[in-house]
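Asks: Pasting in a structure now, in C-alpha cells, and then I'll have a few things to ask.
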Amino acid sequence: MEYLIIAIALVVVIAIVGGAVLLRPPRRRAGRAGPAAPPAPPPPAPPAPGEAGTATAADTAQAPPGVPPLLPGPAPVAEAPPPLAGRMARLRGRLARSQSGFGSVLLGLLSRDGLDDQSWEEIEDTLIGADIGVAPSRQLVGELRTQVRVQGARGDAVRALLRADLIQAIGADQDRNLRIGPHGDRPAVVLIVGVNGTGKTSACGKLARALIGEGQSVLLGAADTFRAAAVDQLETWGQRVGARVVRSDREGADPASVAFETVQEGISERTDTVIVDTAGRLHTKTGLMDELGKIKRVIEKRATVDEVLLVLDATTGQNGLRQARVFAEAVDITGIILTKLDGTAKGGIVIAVQRELGVPVKLVGLGEGPDDLAPFDPATFVDAILGD
Ligand SMILES: Nc1nc2c(ncn2[C@@H]2O[C@H](COP(=O)(O)OP(=O)(O)OP(=O)(O)O)[C@@H](O)[C@H]2O)c(=O)[nH]1
Ligand SMILES: [Mg+2]
C-alpha cells in the first residue's frame, strides 16, 4: 500500500514538473545575448485628412505630431511639388466644402423677392457670423444695398454685385507677392511668427518644399528652442523636403543666436532663402517684443529680414485676432499666413485680419498635406465661397 501511495505521488510530481517545463516560454539561447530587443513600434498616428490616408504605416509612424506623411503611396520618393502659382484654384474644393454654409446662405437671402430691412439685417448678420467683423460687414451691406437699389438688380446681377464687393473688401490689388529669393550675395530671410499651434512649423516645411520645387535652395532655422520636440519636428520636415536645418543642441538655447547662425550659414552656403521658425508662446507682450525684436535685430547684423509672416489659425476667430494684434505690436508684420481655412465655414476672417493688421494675407493653409499651402487669390477665394 505504501509503495502504491509513493508511486502515485511520484507520478503526480513528474506530471507537474513536466507540464511546467513544456509550458515555459522559450528563452534565448545562452551565448547569443545581444542588445535588448527593440521596443514594439508605436501604433501608427491617425492619418491626416486628405492625402495621408494612403500613406504607408512606416511613414505615418515616424512622423512626430504636426508632421503629416509627405507622400501618399508606398514609395517614399521625393516627388516634385506642384508650382505655387495656381495652387489655390486647385485646392478650392477644400474651401467650397467647408464654406458652402456662408456663401449659400448669403445667396439664398439675396435671392428673395423684394429685399426688405429685415432681409438686409439677416445678410449683415450672416457676414458678421462669418467673422468678417462688424464694421466691414456694415460697410459691405451698405454698398450692396445702394447698388441693388440704384441698378434695380435681381438674380444673377445681385450675385455679381456681391462677388465684386467681396473681392473689393478683400483687396484685389494688394501686393501679395512674397519677397523671397536672394539679393546680391545675401539670402532672402523669412521669419515665421505666431501663437502656439497655429501652423508655423508646418508652414516652414511647406514653404521650403514649394521653394525647393521651384529650384531654390532653402535653409531652415530652428529658433523655437523652447521645446526639443519643436526642433525635432522642424528637422523631420527638413529631411522630408530636402532642406537642412540649423539647430542648437541645447534645449532653451538663445533663439536669436540660432537665427543668426542660420543666416550666417545661409550667406556662406549662398542659400537662396532662409526660413526661421520661432516659438509661439504668448507670455507677456514685453517678453514677446524682446524675443522677436532681438531675433530680428540680430539677423539684421548680417542680412535683411525680407518677410515677417504671421501665422493665424482661421478657426480661432476673434480670439485669434486679438492674439495676432499682440504679435503685430511686437514686430513689423509684412504678411499673413492664414492656416486651417479648410476647417472653417467662417472665411470672413480674411477680411477682418487684413483690416485689423493692415497687411495682406499672402498664403493660406488648406490642409495638413505638404502641398496644402497656396498663395492667396481673392477672386478664387470668393468664387469658391459663392460656389461658382
Ligand atoms: N487642417 C489643417 N491643419 C493644419 C494646417 N496647418 C497646420 N495644420 C495642423 O496644425 C497643427 C499644428 O501645426 P504646427 O505647424 O505644429 O503649429 P506651430 O504653430 O508650429 O505650433 P507650436 O510649435 O506648438 O507653436 C498640426 O497638426 C498641423 O498639421 C492647415 O492649413 N489645415
Ligand atoms: Mg512649431
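In the C-alpha cells, the first chain shown is A, the next is B, and so on; residue numbers restart at 1 for each chain, and ligands run from 1 in the order shown.
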If you run DSSP over the backbone, which residues in region 317-350 of chain A end up helix (DSSP H, G or I)? Put them as a ChimeraX atom specification.
Replies: /A:317-330,341-343,349-350
Asks: From a DSSP pass on the backbone, collect the residues of region 219-272 of chain A flagged as strand (DSSP E) and hand them back as a PyMOL selection string.
Replies: chain A and resi 219-223+244-246
Asks: Kindly export the residues of the current selection with N, CA and C atoms, as a PDB file, in the first residue's frame.
Replies:
```pdb
ATOM      1  N   LEU A 219      17.398  77.042 -46.432  1.00  0.00           N
ATOM      2  CA  LEU A 219      17.966  76.626 -45.154  1.00  0.00           C
ATOM      3  C   LEU A 219      16.935  76.970 -44.090  1.00  0.00           C
ATOM      4  N   LEU A 220      16.650  76.012 -43.186  1.00  0.00           N
ATOM      5  CA  LEU A 220      15.664  76.258 -42.134  1.00  0.00           C
ATOM      6  C   LEU A 220      16.379  76.519 -40.812  1.00  0.00           C
ATOM      7  N   GLY A 221      15.864  77.464 -40.036  1.00  0.00           N
ATOM      8  CA  GLY A 221      16.451  77.761 -38.725  1.00  0.00           C
ATOM      9  C   GLY A 221      15.469  77.410 -37.619  1.00  0.00           C
ATOM     10  N   ALA A 222      15.906  76.541 -36.686  1.00  0.00           N
ATOM     11  CA  ALA A 222      15.017  76.101 -35.605  1.00  0.00           C
ATOM     12  C   ALA A 222      15.159  77.033 -34.408  1.00  0.00           C
ATOM     13  N   ALA A 223      14.558  78.219 -34.515  1.00  0.00           N
ATOM     14  CA  ALA A 223      14.676  79.194 -33.419  1.00  0.00           C
ATOM     15  C   ALA A 223      13.550  79.049 -32.402  1.00  0.00           C
ATOM     16  N   ARG A 244      18.208  71.630 -45.205  1.00  0.00           N
ATOM     17  CA  ARG A 244      18.988  71.422 -43.986  1.00  0.00           C
ATOM     18  C   ARG A 244      18.441  72.323 -42.888  1.00  0.00           C
ATOM     19  N   VAL A 245      18.529  71.819 -41.656  1.00  0.00           N
ATOM     20  CA  VAL A 245      18.023  72.601 -40.516  1.00  0.00           C
ATOM     21  C   VAL A 245      19.201  72.999 -39.633  1.00  0.00           C
ATOM     22  N   VAL A 246      19.283  74.285 -39.316  1.00  0.00           N
ATOM     23  CA  VAL A 246      20.303  74.740 -38.367  1.00  0.00           C
ATOM     24  C   VAL A 246      19.654  74.744 -36.995  1.00  0.00           C
TER      25      VAL A 246
END
```
Asks: Quote the spacing between atom 27 (O, counted along the ligand's line) of ligand 1 and CA of Ala96 (chain A) in Å to one decimal place.
Replies: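 Here the two named atoms are 21.6 Å from each other.
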Asks: Could you list, as a list in words, all residues that come within 9 Å of ligand 2? Count only C-alpha atoms and all ligand atoms.
Replies: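 If we count only C-alpha atoms and all ligand atoms, the neighbours of ligand 2 turn out to be Gly66, Asn196, Gly197, Thr198, Gly199, Lys200, Thr201, Ser202, Cys204, Asp224, Ala229, Ala230, Val231, Gln233, Leu234, Asp277, Thr278, Ala279 and Gly280 of chain A.
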Asks: Which residues come within 10 Å of Ile167 (chain A), counting only C-alpha atoms, excluding same-chain residues fewer than 3 positions away, as a short mmCIF file (atom, residue, chain, number, x, y, z; two decimals) with C-alpha atoms, in the first residue's frame?
Replies:
```
data_model
loop_
_atom_site.label_atom_id
_atom_site.label_comp_id
_atom_site.auth_asym_id
_atom_site.auth_seq_id
_atom_site.Cartn_x
_atom_site.Cartn_y
_atom_site.Cartn_z
CA LEU A 161 -22.51 92.71 -57.25
CA LEU A 162 -21.91 90.66 -54.09
CA ARG A 163 -18.95 88.95 -55.74
CA ALA A 164 -17.40 92.26 -56.78
CA ILE A 170 -10.57 91.66 -49.55
CA GLY A 171 -8.48 93.93 -51.76
CA ALA A 172 -7.84 92.62 -55.26
CA ASP A 173 -4.94 94.97 -55.90
CA ILE A 351 -11.18 90.49 -44.40
CA ASP A 377 -6.00 84.82 -54.54
CA PRO A 378 -9.11 86.92 -53.67
CA ALA A 379 -11.16 86.11 -56.79
CA THR A 380 -10.61 82.35 -56.46
CA PHE A 381 -11.50 82.59 -52.79
CA VAL A 382 -14.75 84.50 -53.38
CA ASP A 383 -15.76 82.22 -56.25
#
```
Asks: Within 12 Å of Glu124 (chain A), counting only C-alpha atoms, which residues qualify if same-chain residues fewer than 2 places away don't, as a ChimeraX atom specification?
Replies: /A:102,105-106,109-110,117-122,126-145
Asks: Please, could you write that set of residues out with N, CA and C atoms as an mmCIF file, in the first residue's frame?
Replies:
```cif
data_model
loop_
_atom_site.group_PDB
_atom_site.id
_atom_site.type_symbol
_atom_site.label_atom_id
_atom_site.label_comp_id
_atom_site.auth_asym_id
_atom_site.auth_seq_id
_atom_site.Cartn_x
_atom_site.Cartn_y
_atom_site.Cartn_z
ATOM 1 N N PHE A 102 -21.710 79.659 -45.507
ATOM 2 C CA PHE A 102 -21.654 81.124 -45.530
ATOM 3 C C PHE A 102 -22.058 81.687 -46.899
ATOM 4 N N VAL A 105 -25.857 80.710 -47.813
ATOM 5 C CA VAL A 105 -26.845 81.449 -47.001
ATOM 6 C C VAL A 105 -26.995 82.861 -47.573
ATOM 7 N N LEU A 106 -25.876 83.499 -47.895
ATOM 8 C CA LEU A 106 -25.923 84.861 -48.454
ATOM 9 C C LEU A 106 -26.712 84.876 -49.762
ATOM 10 N N LEU A 109 -30.412 84.452 -49.198
ATOM 11 C CA LEU A 109 -31.062 85.670 -48.696
ATOM 12 C C LEU A 109 -31.214 86.700 -49.814
ATOM 13 N N LEU A 110 -30.171 86.817 -50.628
ATOM 14 C CA LEU A 110 -30.195 87.835 -51.686
ATOM 15 C C LEU A 110 -31.159 87.473 -52.823
ATOM 16 N N ASP A 117 -35.933 95.530 -45.023
ATOM 17 C CA ASP A 117 -34.954 95.831 -43.964
ATOM 18 C C ASP A 117 -34.501 94.576 -43.237
ATOM 19 N N GLN A 118 -35.466 93.707 -42.983
ATOM 20 C CA GLN A 118 -35.121 92.509 -42.215
ATOM 21 C C GLN A 118 -34.163 91.599 -43.001
ATOM 22 N N SER A 119 -34.406 91.503 -44.311
ATOM 23 C CA SER A 119 -33.503 90.682 -45.132
ATOM 24 C C SER A 119 -32.093 91.243 -45.076
ATOM 25 N N TRP A 120 -31.991 92.571 -45.208
ATOM 26 C CA TRP A 120 -30.650 93.179 -45.181
ATOM 27 C C TRP A 120 -29.978 92.970 -43.828
ATOM 28 N N GLU A 121 -30.785 92.999 -42.771
ATOM 29 C CA GLU A 121 -30.218 92.737 -41.443
ATOM 30 C C GLU A 121 -29.689 91.307 -41.365
ATOM 31 N N GLU A 122 -30.455 90.403 -41.936
ATOM 32 C CA GLU A 122 -30.019 88.993 -41.919
ATOM 33 C C GLU A 122 -28.733 88.823 -42.731
ATOM 34 N N THR A 126 -25.257 87.481 -41.270
ATOM 35 C CA THR A 126 -24.531 86.342 -41.874
ATOM 36 C C THR A 126 -23.069 86.713 -42.084
ATOM 37 N N LEU A 127 -22.837 87.938 -42.560
ATOM 38 C CA LEU A 127 -21.452 88.383 -42.779
ATOM 39 C C LEU A 127 -20.697 88.460 -41.453
ATOM 40 N N ILE A 128 -21.365 88.995 -40.438
ATOM 41 C CA ILE A 128 -20.706 89.095 -39.123
ATOM 42 C C ILE A 128 -20.423 87.685 -38.597
ATOM 43 N N GLY A 129 -21.398 86.802 -38.775
ATOM 44 C CA GLY A 129 -21.245 85.407 -38.327
ATOM 45 C C GLY A 129 -20.107 84.696 -39.041
ATOM 46 N N ALA A 130 -19.742 85.177 -40.221
ATOM 47 C CA ALA A 130 -18.630 84.562 -40.965
ATOM 48 C C ALA A 130 -17.294 85.197 -40.600
ATOM 49 N N ASP A 131 -17.263 85.936 -39.487
ATOM 50 C CA ASP A 131 -16.027 86.547 -38.952
ATOM 51 C C ASP A 131 -15.470 87.702 -39.771
ATOM 52 N N ILE A 132 -16.323 88.326 -40.602
ATOM 53 C CA ILE A 132 -15.832 89.465 -41.391
ATOM 54 C C ILE A 132 -15.589 90.680 -40.483
ATOM 55 N N GLY A 133 -16.297 90.717 -39.368
ATOM 56 C CA GLY A 133 -16.177 91.857 -38.458
ATOM 57 C C GLY A 133 -17.374 92.789 -38.634
ATOM 58 N N VAL A 134 -17.730 93.485 -37.567
ATOM 59 C CA VAL A 134 -18.960 94.282 -37.591
ATOM 60 C C VAL A 134 -18.852 95.461 -38.570
ATOM 61 N N ALA A 135 -17.805 96.253 -38.438
ATOM 62 C CA ALA A 135 -17.699 97.444 -39.297
ATOM 63 C C ALA A 135 -17.622 97.080 -40.784
ATOM 64 N N PRO A 136 -16.747 96.148 -41.185
ATOM 65 C CA PRO A 136 -16.703 95.801 -42.612
ATOM 66 C C PRO A 136 -18.008 95.184 -43.108
ATOM 67 N N SER A 137 -18.714 94.450 -42.249
ATOM 68 C CA SER A 137 -19.988 93.850 -42.674
ATOM 69 C C SER A 137 -20.997 94.950 -42.960
ATOM 70 N N ARG A 138 -21.058 95.938 -42.066
ATOM 71 C CA ARG A 138 -21.991 97.065 -42.255
ATOM 72 C C ARG A 138 -21.672 97.786 -43.548
ATOM 73 N N GLN A 139 -20.402 98.036 -43.744
ATOM 74 C CA GLN A 139 -19.975 98.771 -44.938
ATOM 75 C C GLN A 139 -20.348 97.990 -46.203
ATOM 76 N N LEU A 140 -20.092 96.708 -46.175
ATOM 77 C CA LEU A 140 -20.397 95.871 -47.334
ATOM 78 C C LEU A 140 -21.895 95.873 -47.644
ATOM 79 N N VAL A 141 -22.697 95.717 -46.596
ATOM 80 C CA VAL A 141 -24.152 95.691 -46.792
ATOM 81 C C VAL A 141 -24.641 97.051 -47.287
ATOM 82 N N GLY A 142 -24.068 98.124 -46.716
ATOM 83 C CA GLY A 142 -24.468 99.475 -47.141
ATOM 84 C C GLY A 142 -24.231 99.662 -48.637
ATOM 85 N N GLU A 143 -23.042 99.266 -49.081
ATOM 86 C CA GLU A 143 -22.709 99.432 -50.503
ATOM 87 C C GLU A 143 -23.579 98.558 -51.391
ATOM 88 N N LEU A 144 -23.734 97.338 -50.989
ATOM 89 C CA LEU A 144 -24.515 96.395 -51.802
ATOM 90 C C LEU A 144 -25.971 96.847 -51.897
ATOM 91 N N ARG A 145 -26.493 97.313 -50.789
ATOM 92 C CA ARG A 145 -27.894 97.735 -50.750
ATOM 93 C C ARG A 145 -28.121 98.898 -51.705
#
```
Asks: Using only C-alpha atoms, determine which residues lie at most 10 Å from region 294-298 of chain A, disregarding the query and same-chain residues fewer than 6 positions distant; provide the list as an NGL selection string.
Replies: :A and (191 or 223 or 254-261 or 263 or 276 or 278 or 288 or 304-305 or 308 or 331-332)
Asks: For the selection you just gave me, I'd like the residues written to a file as a short mmCIF file (atom, residue, chain, number, x, y, z; two decimals), in the first residue's frame, keeping C-alpha atoms.
Replies:
```cif
data_model
loop_
_atom_site.label_atom_id
_atom_site.label_comp_id
_atom_site.auth_asym_id
_atom_site.auth_seq_id
_atom_site.Cartn_x
_atom_site.Cartn_y
_atom_site.Cartn_z
CA LEU A 191 10.73 84.95 -40.17
CA ALA A 223 14.68 79.19 -33.42
CA ASP A 254 19.00 81.64 -27.29
CA PRO A 255 16.62 81.76 -30.30
CA ALA A 256 18.35 84.87 -31.63
CA SER A 257 21.70 83.08 -31.80
CA VAL A 258 20.15 80.17 -33.71
CA ALA A 259 18.57 82.65 -36.14
CA PHE A 260 21.91 84.44 -36.53
CA GLU A 261 23.76 81.18 -37.13
CA VAL A 263 21.60 83.39 -41.66
CA VAL A 276 13.32 80.83 -39.44
CA THR A 278 10.04 80.74 -33.86
CA LEU A 288 7.43 88.71 -26.87
CA THR A 304 17.74 91.99 -44.27
CA VAL A 305 14.62 90.37 -42.86
CA VAL A 308 7.89 88.57 -41.19
CA VAL A 331 7.23 93.08 -34.58
CA ASP A 332 6.51 94.61 -38.00
#
```
Asks: Find, counting only C-alpha atoms, the residue in A:Thr273, A:Leu321, A:Ala208, A:Asp116 that gets nearest to Val148 (chain A).
Replies: A:Asp116
Asks: Report the distance between CA of Gly367 (chain A) and CA of Gly213 (chain A) in Å, rounded to one decimal place.
Replies: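 Interatomic distance here is 18.8 Å.
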Asks: Near region 362-365 of chain A, within 8 Å and counting only C-alpha atoms, which residues show up once chain neighbours fewer than 3 positions away are dropped, as a ChimeraX atom specification?
Replies: /A:176-178,203,335-342,368,372-376
Asks: Include N, CA and C atoms and write out the residues we just selected as an mmCIF file, in the first residue's frame.
Replies:
```cif
data_model
loop_
_atom_site.group_PDB
_atom_site.id
_atom_site.type_symbol
_atom_site.label_atom_id
_atom_site.label_comp_id
_atom_site.auth_asym_id
_atom_site.auth_seq_id
_atom_site.Cartn_x
_atom_site.Cartn_y
_atom_site.Cartn_z
ATOM 1 N N ARG A 176 0.610 90.896 -52.876
ATOM 2 C CA ARG A 176 0.682 89.681 -52.053
ATOM 3 C C ARG A 176 1.917 88.847 -52.390
ATOM 4 N N ASN A 177 2.796 89.394 -53.196
ATOM 5 C CA ASN A 177 3.998 88.642 -53.574
ATOM 6 C C ASN A 177 4.913 88.456 -52.369
ATOM 7 N N LEU A 178 5.480 87.277 -52.295
ATOM 8 C CA LEU A 178 6.442 87.019 -51.226
ATOM 9 C C LEU A 178 7.800 87.542 -51.658
ATOM 10 N N ALA A 203 4.099 75.419 -41.783
ATOM 11 C CA ALA A 203 4.225 76.417 -42.849
ATOM 12 C C ALA A 203 5.673 76.536 -43.311
ATOM 13 N N GLY A 335 3.205 90.182 -43.767
ATOM 14 C CA GLY A 335 2.171 89.389 -44.435
ATOM 15 C C GLY A 335 1.602 88.369 -43.475
ATOM 16 N N ILE A 336 0.463 87.805 -43.873
ATOM 17 C CA ILE A 336 -0.219 86.834 -43.006
ATOM 18 C C ILE A 336 -0.296 85.493 -43.736
ATOM 19 N N ILE A 337 -0.055 84.434 -42.974
ATOM 20 C CA ILE A 337 -0.349 83.077 -43.479
ATOM 21 C C ILE A 337 -1.587 82.625 -42.704
ATOM 22 N N LEU A 338 -2.703 82.522 -43.392
ATOM 23 C CA LEU A 338 -3.949 82.130 -42.736
ATOM 24 C C LEU A 338 -4.126 80.620 -42.919
ATOM 25 N N THR A 339 -3.935 79.889 -41.805
ATOM 26 C CA THR A 339 -3.978 78.418 -41.909
ATOM 27 C C THR A 339 -5.363 77.876 -41.563
ATOM 28 N N LYS A 340 -5.565 76.605 -41.870
ATOM 29 C CA LYS A 340 -6.760 75.835 -41.498
ATOM 30 C C LYS A 340 -8.035 76.419 -42.096
ATOM 31 N N LEU A 341 -7.904 77.087 -43.227
ATOM 32 C CA LEU A 341 -9.094 77.596 -43.924
ATOM 33 C C LEU A 341 -9.940 76.430 -44.409
ATOM 34 N N ASP A 342 -9.340 75.259 -44.475
ATOM 35 C CA ASP A 342 -10.096 74.063 -44.873
ATOM 36 C C ASP A 342 -11.011 73.600 -43.752
ATOM 37 N N GLU A 368 -3.418 69.596 -44.139
ATOM 38 C CA GLU A 368 -2.189 69.192 -43.459
ATOM 39 C C GLU A 368 -1.143 68.607 -44.396
ATOM 40 N N ASP A 372 -0.301 71.642 -49.246
ATOM 41 C CA ASP A 372 -1.555 72.341 -48.975
ATOM 42 C C ASP A 372 -1.351 73.786 -48.521
ATOM 43 N N LEU A 373 -0.352 74.429 -49.060
ATOM 44 C CA LEU A 373 -0.112 75.850 -48.772
ATOM 45 C C LEU A 373 -0.182 76.563 -50.119
ATOM 46 N N ALA A 374 -0.998 77.628 -50.193
ATOM 47 C CA ALA A 374 -1.201 78.261 -51.504
ATOM 48 C C ALA A 374 -1.117 79.776 -51.396
ATOM 49 N N PRO A 375 -0.606 80.422 -52.436
ATOM 50 C CA PRO A 375 -0.676 81.884 -52.460
ATOM 51 C C PRO A 375 -2.149 82.290 -52.476
ATOM 52 N N PHE A 376 -2.484 83.319 -51.719
ATOM 53 C CA PHE A 376 -3.895 83.699 -51.603
ATOM 54 C C PHE A 376 -4.336 84.501 -52.818
#
```
Asks: If we count only C-alpha atoms, what is near Ala253 (chain A) at a cut-off of 6 Å, once residues fewer than 2 positions away on the same chain are taken out, given as a VMD selection string?
Replies: chain A and resid 225 250 to 251
Asks: Which of these residues is nearest to Thr316 (chain A), using only C-alpha atoms: A:Val359, A:Asp232, A:Ala345, A:Gly181?
Replies: A:Ala345
Asks: What is the distance, in Å and to one decimal place, between CA of Leu366 (chain A) and CA of Leu84 (chain A)?
Replies: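 Spanning CA of Leu366 (chain A) to CA of Leu84 (chain A) is a straight-line distance of 13.0 Å.
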Asks: Pick the closest to ligand 1 from A:Gly205, A:Gly320, A:Gly358, A:Gly184: which is it, counting only C-alpha atoms and all ligand atoms?
Replies: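 Ranking A:Gly205, A:Gly320, A:Gly358, A:Gly184 by distance to ligand 1, first place goes to A:Gly205.
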